[in-house]
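A.B. asks: My questions all concern the structure below.
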Amino acid sequence: MASAKIKVPETAKKGEVIEIKTSITHDMESGQRKDANDKPIPRRIINTFTCKYNGTEVFRMDLHPAVSANPYISFFVVATETGKIEMFWNDDNGEIYTAASSITVS
Amino acid sequence: MMKLSRRTFTGLVGFAGAASAFGLSACATGPKVVVVGGGFGGATAAKYVKRYLPGANVVLIDAAKTHFTCPFSNTVIGGMNSMAFIERSFDALANKYGITVVTDMVTAIDPVTKVVKTKGGISFGYDKLVVSPGVDLKWGALEGYDEAAAELMPHAWKAGPQTALLRKQLEAMPNGGTVMISAPGNPFRCPPGPYERASLIAYYLKTQKPKSKLIILDAKDAFAKDKLFKEGWEKMYDNIIEWVPAAKNGKVVKVDAKAGVLETDFDKFKPAVANVIPPQSAGAIALSTGLADKSGFCPVDPNTFESTLHKDIFVIGDACTAGEMPKSGYSASSQAKVAAGAIAAMVMGDKPAAMSAINTCYSLLAPDYGISVSGVYSVQDGKIANIKGAGGVSPSGANYQFRKKEADFAGGWYASICQDTWG
């Protein structure tokens, strides 16, 4: 159901503030809507997003039913060291979608 | 030197009194009205001011010798018409209507001393000034897109050489190439324009280069008449047109014209032909005169189109903020008539009539497939607003005959508005 895209600079200077952009396709079904037969459509959203930098959590965000479909999240991180930047989107159904990128810090 | 006797002196006074009693039309030195820009707004304003005030001295200044219309320029890009089809001459305005047409670039307007200055070094004083410069492209607002980039990735959002350039690139493109259109966020000139363009390019591809594709990268999630466009695309261009909305990362954030690359937040594309329609503002002269606000467009009195920032200057067409009226050639022409009427009333010492304006936008999806939206506008709660129940949009699901008829109406609309404006 979900496909994620991320954008992380490939290189940065130590101490530089870098922008990370992420986007994921997801219906973000709020649980408030009803189907054609007037039956409630169960809630299914991405409820948490986290970003880890070489294993350390540097950004976390809780999402709620008011967030639109296909959440776009961008945020800033200080480039400290060369390594791996990973993203995690937690779905209500227990699935976790991931994406990762590496950065070289000089 | 003539010696004034008491009799001749009173005679002169009597003459002057009679002249003012006859009104301005009888006066040799009528009001001076200068119009900047010879497009749908400016040319209509010049013509209608002259109609309402035959004694007025009306000067129309445009940098170009002729005007290429944006309406129907997409048919040139699609290969259905030639450049000559959209070229309009100012000759009738000068010869039939007695308007002084000046080919020169306006470089400065002094709203205090009420003087317009041109690149050619001429100064024109005015009593009332109409500013109708259309839009200018905000160079650099989209990273990497400047005037040099536009020579490689044309915008073709001001008709003329840019229109011809985009057409040339499409003709040179091999069968199987991909065309990309980058559509801007609101507000911009001609809201359905990018989608009409996509349709007519797709028509060209379908008939001449059937292995090719067209992708619209959009900064928006919805657009003018979108349901009708999508219905037509599904019917005619299902395998050719792909529309990527902002929510699916359609917004172009950077271009590299030399490399031929368009960049969105997460992807890079290298199409065979790129048509970049960048963000826009009111024409440069409106900005440098201080007629625009933070939005980049010009606030006006909704009843008269007189600038709220400078007295005796009327801003019409794409350059002004006109409430719910879209930025279109027809809106500009309709606003020109309102402004011309207001100018005439003010000069005659009357109260301007209640504002009433109309707009119709036809869009062609193919030479025989047209759709339209029309509106009637008045001032409601101090703002220009659509009159509910007046106007409307073409129905969805209409048959071939209906769409064909609307395409014919589009041609008739174009012929008649060009006649009204420049004929």
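By convention here, the chains of the structure tokens are called A, B, ... in the order presented, each chain's residues are numbered starting at 1, and ligands are numbered starting at 1 in the order presented.
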Listing only residues of chain B within 10 Å of chain A, what is the closest atom pair and its distance in Å (to one decimal) for each, using only C-alpha atoms, sorted by chain and residue number ascending, as JSON lines?

C.D. replies:
```
{"residue": "B:Ala247", "atom": "CA", "partner": "A:Asn70", "partner_atom": "CA", "distance": 6.6}
{"residue": "B:Lys248", "atom": "CA", "partner": "A:Asn70", "partner_atom": "CA", "distance": 7.6}
{"residue": "B:Asn249", "atom": "CA", "partner": "A:Ser23", "partner_atom": "CA", "distance": 8.1}
{"residue": "B:Asp265", "atom": "CA", "partner": "A:Lys7", "partner_atom": "CA", "distance": 7.1}
{"residue": "B:Phe266", "atom": "CA", "partner": "A:Lys7", "partner_atom": "CA", "distance": 5.9}
{"residue": "B:Asp267", "atom": "CA", "partner": "A:Lys5", "partner_atom": "CA", "distance": 8.9}
```

A.B. asks: Show me, as a PyMOL selection string, the residues that have an atom within 12 Å of Pro133 in chain B when counting only C-alpha atoms, minus same-chain residues fewer than 6 positions from it.

C.D. replies: chain B and resi 35-43+60-63+105-107+158+281-289+291+297-298+314-320+332

A.B. asks: Save out the residues we just selected, N, CA and C atoms, as a compact mmCIF listing (two decimals), in the first residue's frame.

C.D. replies:
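Produced file part-v2.txt, reproduced below:
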```
# COMPACT_ATOMS: atom_id res chain seq x y z
N VAL B 35 -2.53 54.81 -22.13
CA VAL B 35 -2.73 53.39 -21.86
C VAL B 35 -1.41 52.67 -22.08
N VAL B 36 -0.99 51.91 -21.08
CA VAL B 36 0.26 51.16 -21.20
C VAL B 36 -0.07 49.70 -21.46
N GLY B 37 0.28 49.21 -22.64
CA GLY B 37 0.03 47.81 -23.00
C GLY B 37 -1.08 47.68 -24.01
N GLY B 38 -0.82 46.95 -25.10
CA GLY B 38 -1.79 46.84 -26.19
C GLY B 38 -2.43 45.47 -26.32
N GLY B 39 -2.51 44.74 -25.21
CA GLY B 39 -3.17 43.44 -25.21
C GLY B 39 -4.68 43.60 -25.09
N PHE B 40 -5.36 42.52 -24.68
CA PHE B 40 -6.82 42.56 -24.57
C PHE B 40 -7.28 43.69 -23.66
N GLY B 41 -6.58 43.91 -22.54
CA GLY B 41 -6.98 44.96 -21.61
C GLY B 41 -6.72 46.34 -22.17
N GLY B 42 -5.46 46.60 -22.53
CA GLY B 42 -5.06 47.94 -22.95
C GLY B 42 -5.73 48.40 -24.22
N ALA B 43 -5.76 47.55 -25.25
CA ALA B 43 -6.36 47.96 -26.53
C ALA B 43 -7.85 48.23 -26.36
N LEU B 60 -1.81 55.05 -26.80
CA LEU B 60 -1.59 53.64 -26.44
C LEU B 60 -0.12 53.32 -26.68
N ILE B 61 0.56 52.87 -25.64
CA ILE B 61 1.99 52.57 -25.77
C ILE B 61 2.22 51.07 -25.59
N ASP B 62 2.87 50.45 -26.54
CA ASP B 62 3.25 49.04 -26.42
C ASP B 62 4.65 48.88 -26.98
N ALA B 63 5.43 48.01 -26.35
CA ALA B 63 6.82 47.81 -26.77
C ALA B 63 6.91 47.12 -28.13
N MET B 105 8.95 51.27 -25.26
CA MET B 105 8.87 50.57 -23.98
C MET B 105 8.71 51.59 -22.86
N VAL B 106 7.68 51.44 -22.05
CA VAL B 106 7.52 52.34 -20.91
C VAL B 106 8.52 51.93 -19.84
N THR B 107 9.36 52.87 -19.44
CA THR B 107 10.40 52.54 -18.47
C THR B 107 10.10 53.09 -17.08
N LYS B 158 4.00 33.96 -22.63
CA LYS B 158 3.72 35.24 -23.25
C LYS B 158 3.87 34.94 -24.73
N SER B 281 4.13 37.35 -11.78
CA SER B 281 3.70 38.54 -11.03
C SER B 281 3.12 39.52 -12.04
N ALA B 282 2.59 40.63 -11.55
CA ALA B 282 2.15 41.70 -12.45
C ALA B 282 3.35 42.16 -13.27
N GLY B 283 3.10 42.72 -14.44
CA GLY B 283 4.16 43.19 -15.33
C GLY B 283 5.13 44.12 -14.60
N ALA B 284 6.40 44.10 -15.04
CA ALA B 284 7.47 44.81 -14.34
C ALA B 284 7.15 46.28 -14.08
N ILE B 285 6.51 46.95 -15.05
CA ILE B 285 6.25 48.38 -14.88
C ILE B 285 5.28 48.64 -13.72
N ALA B 286 4.35 47.70 -13.50
CA ALA B 286 3.42 47.84 -12.37
C ALA B 286 4.17 47.71 -11.05
N LEU B 287 5.15 46.81 -11.02
CA LEU B 287 5.93 46.61 -9.80
C LEU B 287 6.81 47.83 -9.53
N SER B 288 7.51 48.33 -10.58
CA SER B 288 8.43 49.45 -10.35
C SER B 288 7.69 50.75 -10.05
N THR B 289 6.42 50.84 -10.43
CA THR B 289 5.64 52.04 -10.13
C THR B 289 5.05 51.97 -8.72
N LEU B 291 2.64 49.78 -7.82
CA LEU B 291 1.20 49.52 -7.91
C LEU B 291 0.82 48.16 -7.32
N PHE B 297 0.73 41.28 -7.25
CA PHE B 297 -0.31 41.79 -8.15
C PHE B 297 -0.89 43.08 -7.55
N CYS B 298 -1.73 43.77 -8.35
CA CYS B 298 -2.10 45.14 -7.99
C CYS B 298 -3.51 45.23 -7.41
N PHE B 314 -5.36 53.28 -13.37
CA PHE B 314 -6.28 52.15 -13.42
C PHE B 314 -5.51 50.91 -13.86
N VAL B 315 -5.54 49.88 -13.05
CA VAL B 315 -4.81 48.65 -13.40
C VAL B 315 -5.83 47.58 -13.77
N ILE B 316 -5.69 47.05 -14.98
CA ILE B 316 -6.66 46.05 -15.45
C ILE B 316 -5.93 44.81 -15.97
N GLY B 317 -6.69 43.75 -16.15
CA GLY B 317 -6.15 42.52 -16.75
C GLY B 317 -5.38 41.68 -15.75
N ASP B 318 -4.47 40.88 -16.29
CA ASP B 318 -3.75 39.91 -15.46
C ASP B 318 -2.98 40.57 -14.31
N ALA B 319 -2.60 41.83 -14.48
CA ALA B 319 -1.77 42.50 -13.47
C ALA B 319 -2.54 42.84 -12.19
N CYS B 320 -3.87 42.93 -12.27
CA CYS B 320 -4.62 43.36 -11.08
C CYS B 320 -5.19 42.17 -10.32
N ALA B 332 -9.76 40.64 -18.96
CA ALA B 332 -9.05 41.90 -19.17
C ALA B 332 -9.88 42.85 -20.01
```

A.B. asks: Extract the full set of strand (DSSP E) residues from chain A according to DSSP on the backbone, and format it as a PyMOL selection string.

C.D. replies: chain A and resi 4-7+11-12+17-24+46-53+56-62+72-78+83-91+96-105

A.B. asks: Report as a list of chain:residue names all protein, DNA and RNA residues lying within 10 Å of range 412-420 of chain B, evaluated on only C-alpha atoms, omitting residues in the same chain fewer than 6 positions from it.

C.D. replies: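 Within the cut-off, the hits are B:Phe40, B:Ala43, B:Thr44, B:Lys47, B:Tyr48, B:Thr69, B:Pro71, B:Phe72, B:Ile86, B:Arg88, B:Ala92, B:Gly329, B:Tyr330, B:Ser333, B:Thr360, B:Cys361, B:Tyr362, B:Glu406.
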
A.B. asks: Could you list, as a ChimeraX atom specification, every residue within 6 Å of Ile85 in chain A, counting only C-alpha atoms and ignoring same-chain residues fewer than 2 positions away?

C.D. replies: /A:52-53,100-102

A.B. asks: Can you write out the residues you just picked, keeping N, CA and C atoms, as a PDB file, in the first residue's frame?

C.D. replies:
```
ATOM      1  N   LYS A  52      16.422   7.912  12.164  1.00  0.00           N
ATOM      2  CA  LYS A  52      17.620   7.562  12.955  1.00  0.00           C
ATOM      3  C   LYS A  52      18.866   7.908  12.156  1.00  0.00           C
ATOM      4  N   TYR A  53      19.846   8.447  12.874  1.00  0.00           N
ATOM      5  CA  TYR A  53      21.121   8.840  12.270  1.00  0.00           C
ATOM      6  C   TYR A  53      22.187   7.969  12.922  1.00  0.00           C
ATOM      7  N   ALA A 100      16.238   4.329   3.506  1.00  0.00           N
ATOM      8  CA  ALA A 100      17.518   4.734   4.077  1.00  0.00           C
ATOM      9  C   ALA A 100      18.402   5.368   3.021  1.00  0.00           C
ATOM     10  N   SER A 101      19.335   6.174   3.501  1.00  0.00           N
ATOM     11  CA  SER A 101      20.254   6.845   2.595  1.00  0.00           C
ATOM     12  C   SER A 101      21.570   7.058   3.340  1.00  0.00           C
ATOM     13  N   SER A 102      22.665   7.169   2.596  1.00  0.00           N
ATOM     14  CA  SER A 102      23.922   7.411   3.308  1.00  0.00           C
ATOM     15  C   SER A 102      24.418   8.826   3.023  1.00  0.00           C
TER      16      SER A 102
END
```
